[in-house]
Amino acid sequence: MDERYPELFLMDDPKSVVSEAFRMLRTNLQFASVDRPLKKIMVTSSVPQEGKSTVIANLAICIASAGSKVLLVDADLRRPNIYKLFLLENYKGLSNLLAENLPKDAVINKTKVENLHVITSGPVPPNPAEILGSARMKNFLDQVASEYDMVLIDAPPVNSVADASILSSLVDGVILVVEAGSTEREAAIVAKQQLEKVNARILGVVLNKVKQEKSGGYYYYYYYYGEEGKKRKKKKII
Ligand SMILES: Nc1ncnc2c1ncn2[C@@H]1O[C@H](COP(=O)(O)OP(=O)(O)OP(=O)(O)O)[C@@H](O)[C@H]1O
Ligand SMILES: [Mg+2]
């Protein structure tokens, strides 16, 4: 474990249920990329605090640990969190890159995880939706997608602001996080419909904060509800 990242518990124990769930998610993403390229992947959820940032950060570590070159981008320009998880400064980040046209090398951070680079949000701008929907953002994503094996993007929730919908049209696929026992069915359905309206490719759902009875703790559970998973029990959720 790297004690510098106390929130990123994926690194705690590679044999844990959580680590196994993330490896499953990684494998499922590999399968999902067989027919269509899957390089730019974004995470969102219906409402705040369901665990988007935690999930995408741990997924980034999981994929990088397998040897792929990963760039994690904090595109939640309203409640940025990735810099906290990786104990980074946030003076310069995505918002500067887009607003001031900085070169990306000026905002890329190395991490203690080999193969994993991070771009923090940068200072919160007055017009997040506008700058996320800019041609500069599209160009930036296309450029980094050609340089990294995988670009993972943290985003705000879908149901309150336009940012996630805007971003979803710039990426290859979207992972939807649902908080077990908390997310209202209606909210999850609205999020799914909103993403479908903008033709987002929803890759699957991470059911997060599932109570683990034995230990009383929480763990992650992942399954598809996309094409591949229609027959599975996930239909209970969405
Ligand atoms: N599986 C989990 N088990 C226990 N706690 C968790 C889990 N996932 C996330 N959390 C906790 O839930 C809180 C919200 O997590 P996180 O910041 O990742 O959510 P978010 O959806 O990105 O929030 P926001 O909408 O503010 O961006 C944090 O305190 C985090 O530590
Ligand atoms: Mg977040």
# chains A, B, ... in the order shown; residues from 1 in each chain; ligands from 1
$ residues_near_ligand --ligand "ligand 2" --cutoff "7 Å" --atoms "only C-alpha atoms and all ligand atoms" --output "NGL selection string"
:A and (49 or 51-53 or 76 or 79-81 or 154-156)
$ residues_near_ligand --ligand "ligand 1" --cutoff "10 Å" --atoms "only C-alpha atoms and all ligand atoms" --output "mmCIF file with C-alpha atoms, in the first residue's frame"
data_model
loop_
_atom_site.group_PDB
_atom_site.id
_atom_site.type_symbol
_atom_site.label_atom_id
_atom_site.label_comp_id
_atom_site.auth_asym_id
_atom_site.auth_seq_id
_atom_site.Cartn_x
_atom_site.Cartn_y
_atom_site.Cartn_z
ATOM 1 C CA GLU A 7 -8.556 7.436 0.367
ATOM 2 C CA LEU A 8 -7.548 5.182 -2.481
ATOM 3 C CA PHE A 9 -8.107 1.942 -0.725
ATOM 4 C CA VAL A 18 -13.023 -4.322 -3.648
ATOM 5 C CA VAL A 43 -17.951 8.555 -14.897
ATOM 6 C CA THR A 44 -21.103 10.227 -13.691
ATOM 7 C CA SER A 45 -24.122 9.625 -11.463
ATOM 8 C CA SER A 46 -27.611 10.979 -11.034
ATOM 9 C CA VAL A 47 -27.004 13.029 -7.890
ATOM 10 C CA PRO A 48 -23.993 14.199 -5.834
ATOM 11 C CA GLN A 49 -21.899 12.080 -3.509
ATOM 12 C CA GLU A 50 -22.612 8.637 -4.910
ATOM 13 C CA GLY A 51 -18.894 7.913 -5.238
ATOM 14 C CA LYS A 52 -17.962 8.981 -8.786
ATOM 15 C CA SER A 53 -14.540 10.357 -7.930
ATOM 16 C CA THR A 54 -13.682 7.437 -5.669
ATOM 17 C CA VAL A 55 -14.679 4.933 -8.351
ATOM 18 C CA ILE A 56 -12.857 6.588 -11.261
ATOM 19 C CA ALA A 57 -9.696 7.159 -9.184
ATOM 20 C CA ASN A 58 -9.562 3.542 -8.066
ATOM 21 C CA ASP A 74 -10.836 15.936 -13.215
ATOM 22 C CA ASP A 76 -15.779 18.162 -12.326
ATOM 23 C CA LEU A 77 -15.175 21.885 -12.393
ATOM 24 C CA ARG A 78 -17.809 22.496 -9.725
ATOM 25 C CA ARG A 79 -16.871 20.170 -6.862
ATOM 26 C CA PRO A 80 -13.397 18.950 -7.805
ATOM 27 C CA ASN A 81 -12.062 16.124 -5.710
ATOM 28 C CA ILE A 82 -9.363 14.245 -7.596
ATOM 29 C CA LYS A 84 -7.547 15.713 -2.797
ATOM 30 C CA LEU A 85 -7.529 11.964 -3.405
ATOM 31 C CA ASP A 154 -14.373 12.523 -13.552
ATOM 32 C CA ALA A 155 -17.538 14.582 -14.018
ATOM 33 C CA PRO A 156 -20.342 16.189 -12.017
ATOM 34 C CA PRO A 157 -23.725 14.468 -11.604
ATOM 35 C CA VAL A 158 -26.041 14.381 -14.593
ATOM 36 C CA VAL A 177 -22.412 5.133 -10.494
ATOM 37 C CA VAL A 178 -25.445 4.266 -8.402
ATOM 38 C CA GLU A 179 -25.339 4.310 -4.627
ATOM 39 C CA ALA A 180 -26.882 1.161 -3.224
ATOM 40 C CA VAL A 206 -21.200 0.584 -10.754
ATOM 41 C CA LEU A 207 -23.383 -0.186 -7.795
ATOM 42 C CA ASN A 208 -21.419 1.501 -5.060
ATOM 43 C CA LYS A 209 -21.452 1.370 -1.260
ATOM 44 C CA VAL A 210 -23.010 -2.049 -1.174
ATOM 45 C CA LYS A 211 -23.181 -3.164 2.429
ATOM 46 C CA GLN A 212 -21.007 -6.146 3.108
ATOM 47 C CA GLY A 217 -18.112 -2.404 5.891
ATOM 48 C CA TYR A 218 -18.763 -1.376 2.323
ATOM 49 C CA TYR A 219 -17.498 -2.657 -0.941
ATOM 50 C CA TYR A 220 -17.956 -2.035 -4.619
ATOM 51 C CA TYR A 221 -19.971 -4.157 -6.873
#
$ select_by_dssp --residues "stretch 1-235 of chain A" --states "helix (DSSP H, G or I)" --output "ChimeraX atom specification"
/A:9-11,17-32,52-65,82-85,94-99,104-106,128-132,135-147,163-168,185-197,227-229,233-235
$ write_last_selection --atoms "C-alpha atoms" --output "PDB file, in the first residue's frame"
ATOM      1  CA  PHE A   9      -8.107   1.942  -0.725  1.00  0.00           C
ATOM      2  CA  LEU A  10      -7.769  -0.114  -3.869  1.00  0.00           C
ATOM      3  CA  MET A  11      -4.087  -0.071  -3.092  1.00  0.00           C
ATOM      4  CA  VAL A  17     -13.374  -7.964  -2.590  1.00  0.00           C
ATOM      5  CA  VAL A  18     -13.023  -4.322  -3.648  1.00  0.00           C
ATOM      6  CA  SER A  19      -9.868  -4.970  -5.653  1.00  0.00           C
ATOM      7  CA  GLU A  20     -11.514  -7.952  -7.288  1.00  0.00           C
ATOM      8  CA  ALA A  21     -14.560  -5.847  -8.227  1.00  0.00           C
ATOM      9  CA  PHE A  22     -12.336  -3.268  -9.888  1.00  0.00           C
ATOM     10  CA  ARG A  23     -10.434  -5.909 -11.795  1.00  0.00           C
ATOM     11  CA  MET A  24     -13.769  -7.221 -13.042  1.00  0.00           C
ATOM     12  CA  LEU A  25     -14.718  -3.725 -14.141  1.00  0.00           C
ATOM     13  CA  ARG A  26     -11.380  -3.399 -15.949  1.00  0.00           C
ATOM     14  CA  THR A  27     -11.910  -6.708 -17.721  1.00  0.00           C
ATOM     15  CA  ASN A  28     -15.466  -5.790 -18.698  1.00  0.00           C
ATOM     16  CA  LEU A  29     -14.209  -2.555 -20.212  1.00  0.00           C
ATOM     17  CA  GLN A  30     -11.689  -4.535 -22.234  1.00  0.00           C
ATOM     18  CA  PHE A  31     -14.464  -6.747 -23.588  1.00  0.00           C
ATOM     19  CA  ALA A  32     -16.636  -3.727 -24.316  1.00  0.00           C
ATOM     20  CA  LYS A  52     -17.962   8.981  -8.786  1.00  0.00           C
ATOM     21  CA  SER A  53     -14.540  10.357  -7.930  1.00  0.00           C
ATOM     22  CA  THR A  54     -13.682   7.437  -5.669  1.00  0.00           C
ATOM     23  CA  VAL A  55     -14.679   4.933  -8.351  1.00  0.00           C
ATOM     24  CA  ILE A  56     -12.857   6.588 -11.261  1.00  0.00           C
ATOM     25  CA  ALA A  57      -9.696   7.159  -9.184  1.00  0.00           C
ATOM     26  CA  ASN A  58      -9.562   3.542  -8.066  1.00  0.00           C
ATOM     27  CA  LEU A  59     -10.317   2.341 -11.587  1.00  0.00           C
ATOM     28  CA  ALA A  60      -7.444   4.495 -12.863  1.00  0.00           C
ATOM     29  CA  ILE A  61      -5.071   2.833 -10.392  1.00  0.00           C
ATOM     30  CA  CYS A  62      -6.387  -0.596 -11.320  1.00  0.00           C
ATOM     31  CA  ILE A  63      -5.866  -0.069 -15.065  1.00  0.00           C
ATOM     32  CA  ALA A  64      -2.458   1.591 -14.628  1.00  0.00           C
ATOM     33  CA  SER A  65      -1.344  -1.248 -12.370  1.00  0.00           C
ATOM     34  CA  ILE A  82      -9.363  14.245  -7.596  1.00  0.00           C
ATOM     35  CA  TYR A  83      -6.594  16.541  -6.378  1.00  0.00           C
ATOM     36  CA  LYS A  84      -7.547  15.713  -2.797  1.00  0.00           C
ATOM     37  CA  LEU A  85      -7.529  11.964  -3.405  1.00  0.00           C
ATOM     38  CA  LEU A  94      -7.940  21.624 -16.679  1.00  0.00           C
ATOM     39  CA  SER A  95      -9.640  25.008 -16.290  1.00  0.00           C
ATOM     40  CA  ASN A  96      -6.317  26.793 -16.953  1.00  0.00           C
ATOM     41  CA  LEU A  97      -5.513  24.538 -19.848  1.00  0.00           C
ATOM     42  CA  LEU A  98      -8.836  25.397 -21.471  1.00  0.00           C
ATOM     43  CA  ALA A  99      -9.187  29.047 -20.523  1.00  0.00           C
ATOM     44  CA  LYS A 104      -0.958  20.068 -21.397  1.00  0.00           C
ATOM     45  CA  ASP A 105       2.488  19.295 -20.068  1.00  0.00           C
ATOM     46  CA  ALA A 106       2.128  22.328 -17.806  1.00  0.00           C
ATOM     47  CA  PRO A 128     -17.849  25.260 -16.483  1.00  0.00           C
ATOM     48  CA  ALA A 129     -20.385  24.038 -19.049  1.00  0.00           C
ATOM     49  CA  GLU A 130     -19.137  26.489 -21.628  1.00  0.00           C
ATOM     50  CA  ILE A 131     -15.469  25.610 -21.322  1.00  0.00           C
ATOM     51  CA  LEU A 132     -16.141  21.867 -21.148  1.00  0.00           C
ATOM     52  CA  ALA A 135     -13.546  22.994 -29.234  1.00  0.00           C
ATOM     53  CA  ARG A 136     -10.404  23.237 -27.114  1.00  0.00           C
ATOM     54  CA  MET A 137     -11.717  20.545 -24.775  1.00  0.00           C
ATOM     55  CA  LYS A 138     -12.540  18.261 -27.676  1.00  0.00           C
ATOM     56  CA  ASN A 139      -9.113  18.768 -29.205  1.00  0.00           C
ATOM     57  CA  PHE A 140      -7.419  18.196 -25.872  1.00  0.00           C
ATOM     58  CA  LEU A 141      -9.271  14.904 -25.317  1.00  0.00           C
ATOM     59  CA  ASP A 142      -8.520  13.696 -28.833  1.00  0.00           C
ATOM     60  CA  GLN A 143      -4.859  14.535 -28.404  1.00  0.00           C
ATOM     61  CA  VAL A 144      -4.423  12.785 -25.061  1.00  0.00           C
ATOM     62  CA  ALA A 145      -6.401   9.789 -26.312  1.00  0.00           C
ATOM     63  CA  SER A 146      -3.745   9.323 -28.960  1.00  0.00           C
ATOM     64  CA  GLU A 147      -0.964   9.475 -26.381  1.00  0.00           C
ATOM     65  CA  ASP A 163     -21.681  19.490 -17.769  1.00  0.00           C
ATOM     66  CA  ALA A 164     -21.920  15.693 -17.712  1.00  0.00           C
ATOM     67  CA  SER A 165     -24.247  15.585 -20.715  1.00  0.00           C
ATOM     68  CA  ILE A 166     -21.913  17.869 -22.640  1.00  0.00           C
ATOM     69  CA  LEU A 167     -18.877  15.770 -21.731  1.00  0.00           C
ATOM     70  CA  SER A 168     -20.622  12.521 -22.571  1.00  0.00           C
ATOM     71  CA  ARG A 185     -34.997   4.763  -8.708  1.00  0.00           C
ATOM     72  CA  GLU A 186     -36.549   7.777 -10.387  1.00  0.00           C
ATOM     73  CA  ALA A 187     -33.299   9.772 -10.199  1.00  0.00           C
ATOM     74  CA  ALA A 188     -31.337   6.908 -11.765  1.00  0.00           C
ATOM     75  CA  ILE A 189     -33.877   6.611 -14.569  1.00  0.00           C
ATOM     76  CA  VAL A 190     -33.756  10.357 -15.256  1.00  0.00           C
ATOM     77  CA  ALA A 191     -29.942  10.191 -15.422  1.00  0.00           C
ATOM     78  CA  LYS A 192     -30.050   7.292 -17.849  1.00  0.00           C
ATOM     79  CA  GLN A 193     -32.629   9.046 -20.033  1.00  0.00           C
ATOM     80  CA  GLN A 194     -30.658  12.271 -19.997  1.00  0.00           C
ATOM     81  CA  LEU A 195     -27.527  10.453 -21.168  1.00  0.00           C
ATOM     82  CA  GLU A 196     -29.453   8.592 -23.854  1.00  0.00           C
ATOM     83  CA  LYS A 197     -30.917  11.858 -25.086  1.00  0.00           C
ATOM     84  CA  GLU A 227     -26.230  -4.725 -24.244  1.00  0.00           C
ATOM     85  CA  GLU A 228     -24.168  -7.459 -22.691  1.00  0.00           C
ATOM     86  CA  GLY A 229     -25.926  -7.450 -19.356  1.00  0.00           C
ATOM     87  CA  LYS A 233     -30.508  -8.913 -12.251  1.00  0.00           C
ATOM     88  CA  LYS A 234     -29.285  -5.331 -12.652  1.00  0.00           C
ATOM     89  CA  LYS A 235     -32.632  -4.487 -14.138  1.00  0.00           C
TER      90      LYS A 235
END
$ atom_distance --atom1 "atom CA of A:Met42" --atom2 "atom CA of A:Pro14"
24.1 Å
$ select_by_dssp --residues "stretch 46-178 of chain A" --states "strand (DSSP E)" --output "list in words"
Val70, Leu71, Leu72, Val73, Asp74, Asn109, Lys110, Leu116, His117, Val118, Ile119, Met150, Val151, Leu152, Ile153, Asp154, Gly173, Val174, Ile175, Leu176, Val177 and Val178 of chain A
$ closest_residue --among "A:Val124, A:Ser134, A:Phe86, A:Val205" --to "A:Lys112" --atoms "only C-alpha atoms"
A:Phe86
$ residues_around --residues "A:Asn109" --least-positions-apart "3" --cutoff "9 Å" --atoms "only C-alpha atoms" --output "short mmCIF file (atom, residue, chain, number, x, y, z; two decimals) with N, CA and C atoms, in the first residue's frame"
data_model
loop_
_atom_site.label_atom_id
_atom_site.label_comp_id
_atom_site.auth_asym_id
_atom_site.auth_seq_id
_atom_site.Cartn_x
_atom_site.Cartn_y
_atom_site.Cartn_z
N LEU A 88 -2.66 16.32 -4.32
CA LEU A 88 -1.99 17.24 -5.24
C LEU A 88 -2.44 18.68 -4.98
N ASP A 105 1.38 19.69 -20.94
CA ASP A 105 2.49 19.30 -20.07
C ASP A 105 2.61 20.20 -18.84
N ALA A 106 2.06 21.40 -18.95
CA ALA A 106 2.13 22.33 -17.81
C ALA A 106 1.16 21.94 -16.70
N LEU A 116 0.40 6.19 -14.22
CA LEU A 116 -0.81 7.00 -13.97
C LEU A 116 -0.47 8.48 -13.83
N HIS A 117 -1.00 9.27 -14.76
CA HIS A 117 -0.87 10.73 -14.69
C HIS A 117 -2.22 11.33 -14.37
N VAL A 118 -2.19 12.51 -13.72
CA VAL A 118 -3.43 13.15 -13.31
C VAL A 118 -3.43 14.62 -13.73
N ILE A 119 -4.56 15.07 -14.27
CA ILE A 119 -4.78 16.51 -14.46
C ILE A 119 -5.90 16.91 -13.51
N THR A 120 -5.59 17.80 -12.57
CA THR A 120 -6.61 18.25 -11.62
C THR A 120 -7.52 19.26 -12.30
#
$ atom_distance --atom1 "atom CA of A:Asn159" --atom2 "atom CA of A:Tyr91"
28.1 Å
$ decode --residues "stretch 122-139 of chain A" --atoms "N, CA and C atoms" --output "mmCIF file, in the first residue's frame"
data_model
loop_
_atom_site.group_PDB
_atom_site.id
_atom_site.type_symbol
_atom_site.label_atom_id
_atom_site.label_comp_id
_atom_site.auth_asym_id
_atom_site.auth_seq_id
_atom_site.Cartn_x
_atom_site.Cartn_y
_atom_site.Cartn_z
ATOM 1 N N GLY A 122 -8.086 22.414 -11.653
ATOM 2 C CA GLY A 122 -7.700 23.823 -11.679
ATOM 3 C C GLY A 122 -8.764 24.631 -10.956
ATOM 4 N N PRO A 123 -8.548 25.950 -10.822
ATOM 5 C CA PRO A 123 -9.511 26.786 -10.110
ATOM 6 C C PRO A 123 -10.905 26.712 -10.737
ATOM 7 N N VAL A 124 -11.928 26.756 -9.894
ATOM 8 C CA VAL A 124 -13.308 26.659 -10.388
ATOM 9 C C VAL A 124 -13.630 27.878 -11.252
ATOM 10 N N PRO A 125 -13.985 27.665 -12.516
ATOM 11 C CA PRO A 125 -14.276 28.793 -13.411
ATOM 12 C C PRO A 125 -15.744 29.222 -13.286
ATOM 13 N N PRO A 126 -16.079 30.413 -13.774
ATOM 14 C CA PRO A 126 -17.472 30.865 -13.684
ATOM 15 C C PRO A 126 -18.397 30.146 -14.664
ATOM 16 N N ASN A 127 -17.833 29.547 -15.701
ATOM 17 C CA ASN A 127 -18.662 28.991 -16.775
ATOM 18 C C ASN A 127 -18.259 27.562 -17.151
ATOM 19 N N PRO A 128 -18.351 26.618 -16.206
ATOM 20 C CA PRO A 128 -17.849 25.260 -16.483
ATOM 21 C C PRO A 128 -18.438 24.634 -17.737
ATOM 22 N N ALA A 129 -19.749 24.724 -17.912
ATOM 23 C CA ALA A 129 -20.385 24.038 -19.049
ATOM 24 C C ALA A 129 -19.813 24.562 -20.364
ATOM 25 N N GLU A 130 -19.634 25.857 -20.407
ATOM 26 C CA GLU A 130 -19.137 26.489 -21.628
ATOM 27 C C GLU A 130 -17.725 26.010 -21.978
ATOM 28 N N ILE A 131 -16.838 25.992 -20.969
ATOM 29 C CA ILE A 131 -15.469 25.610 -21.322
ATOM 30 C C ILE A 131 -15.345 24.107 -21.556
ATOM 31 N N LEU A 132 -16.194 23.313 -20.893
ATOM 32 C CA LEU A 132 -16.141 21.867 -21.148
ATOM 33 C C LEU A 132 -16.663 21.536 -22.544
ATOM 34 N N GLY A 133 -17.555 22.369 -23.041
ATOM 35 C CA GLY A 133 -18.123 22.121 -24.365
ATOM 36 C C GLY A 133 -17.338 22.786 -25.483
ATOM 37 N N SER A 134 -16.188 23.371 -25.147
ATOM 38 C CA SER A 134 -15.425 24.115 -26.152
ATOM 39 C C SER A 134 -14.679 23.186 -27.113
ATOM 40 N N ALA A 135 -14.335 23.752 -28.255
ATOM 41 C CA ALA A 135 -13.546 22.994 -29.234
ATOM 42 C C ALA A 135 -12.192 22.621 -28.637
ATOM 43 N N ARG A 136 -11.696 23.496 -27.747
ATOM 44 C CA ARG A 136 -10.404 23.237 -27.114
ATOM 45 C C ARG A 136 -10.455 21.956 -26.268
ATOM 46 N N MET A 137 -11.563 21.760 -25.600
ATOM 47 C CA MET A 137 -11.717 20.545 -24.775
ATOM 48 C C MET A 137 -11.739 19.315 -25.674
ATOM 49 N N LYS A 138 -12.459 19.397 -26.754
ATOM 50 C CA LYS A 138 -12.540 18.261 -27.676
ATOM 51 C C LYS A 138 -11.152 17.935 -28.226
ATOM 52 N N ASN A 139 -10.456 18.972 -28.649
ATOM 53 C CA ASN A 139 -9.113 18.768 -29.205
ATOM 54 C C ASN A 139 -8.157 18.174 -28.175
#
